[in-house]
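Comments concern the structure below.
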Amino acid sequence: MTWQVEHIEQMLSCLFDFAERDEDGVRNVVAECFGKLAAVASEAVLPRLEEHLAHPSALIRAAVVSSVRFTITEPGCTPIPPASMRKFLSLLADADLKVRRGAILALNCVAHNWPASVSEELGGLLPLLYSETIKKNELVHQVIALPPSAYRNSRLRDTFLPLLPNLFLALQKQIVWMLLCERRLR
């Protein structure tokens, strides 16, 4: 096992270097590698990923939070502990747009694949999610093209909308579970 940890450390250090690249494609591949590594060696990888959730580089935070999607879709992976999941999804409140986008995509994937793991956290996550639907003037920019000019909004609304069915499904399952538990107690 020690040789595996040594190799994992080497891979992680290389991946963190690549995560600072500005190209989205490179960061997506890095996020997938982080996720696959976390799925097979969660004890060694998850703590390192959690350390980088507060990294000064928004590019690294974006890659780390995006890795959740690839971890939970890996067949037979160990579930991410609720405390760790809370830390990853807390990046919905990050100042950087790329990081928030990654957190919304991660939340969508978690709500779709493991709805029970986020159902208790919905009270804290939904306000953060809904705040992304508010128009922010700093994200609106004019696209200069042949007449007429168009305005484009960079808010995360387009990322947010596909998430709604998964969140409602998770909420419904939680309500049904609570009703069943209540009946058993009677």
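Chain labels follow the order of the structure tokens: the first chain is A, the next B, and so on; residue numbering restarts at 1 in every chain, and ligands are counted from 1 in their shown order.
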With segment 168-172 of chain A as the partner and 7 Å as the cut-off, tabulate the residues of segment 70-120 of chain A that qualify, each row holding the nearest pair of atoms and their distance in Å to one decimal, using only C-alpha atoms, sorted by chain and rising number, as CSV.
```
residue,atom,partner,partner_atom,distance
A:Ala111,CA,A:Ala170,CA,6.4
A:Pro115,CA,A:Ala170,CA,4.8
A:Ala116,CA,A:Ala170,CA,6.6
A:Ser119,CA,A:Ala170,CA,5.8
```
Item to check | Which residue of A:Ala44, A:Val65, A:Ile60, A:Ala39 approaches Leu15 of chain A most closely, using only C-alpha atoms | outcome: A:Ile60
Next on the checklist: I'd like the contact shell of Phe88 of chain A - 10 Å cut-off, only C-alpha atoms, skipping same-chain residues fewer than 4 positions apart - returned as a VMD selection string.
Outcome noted: chain A and resid 49 to 50 53 61 64 to 68 82 to 84 92 102 to 103 106 to 107
Next on the checklist: Applying 9 Å and only C-alpha atoms, which residues near Glu74 of chain A remain after dropping the ones on its own chain fewer than 6 positions away? List them as a ChimeraX atom specification.
Outcome noted: /A:35-36,39-40
Checklist entry - Expressed in Å to a single decimal, how great is the separation between atom CA of Asp17 of chain A and atom CA of Leu139 of chain A? => result 28.7 Å
Checklist entry - DSSP on the backbone: what in chain A comes out strand (DSSP E or B), as a VMD selection string? => result chain A and resid 140 to 143 150 to 153
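With distances restricted to only C-alpha atoms, A:Ile72 is the closest residue to Ser117 of chain A from A:Met11, A:Ala93, A:Ile72, A:Val140.
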Checklist entry - When distances are computed from only C-alpha atoms, which of A:Leu97, A:Leu46, A:Leu37, A:Ala63 shows the smallest separation from Asp24 of chain A? => result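 Looking at the shortest contact to Asp24 of chain A, the residue is A:Ala63.
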Next on the checklist: According to DSSP computed on the backbone, where in segment 34-161 of chain A is there helix (DSSP H, G or I)? Give the residues as a PyMOL selection string.
Outcome noted: chain A and resi 34-40+42-54+58-72+82-93+97-113+115-119+122-133+137-139+157-160
Item to check | Nearest to Val45 of chain A by atom-to-atom distance, counting only C-alpha atoms, from A:Leu91, A:Val29, A:Val5, A:Leu59 | outcome: A:Val5
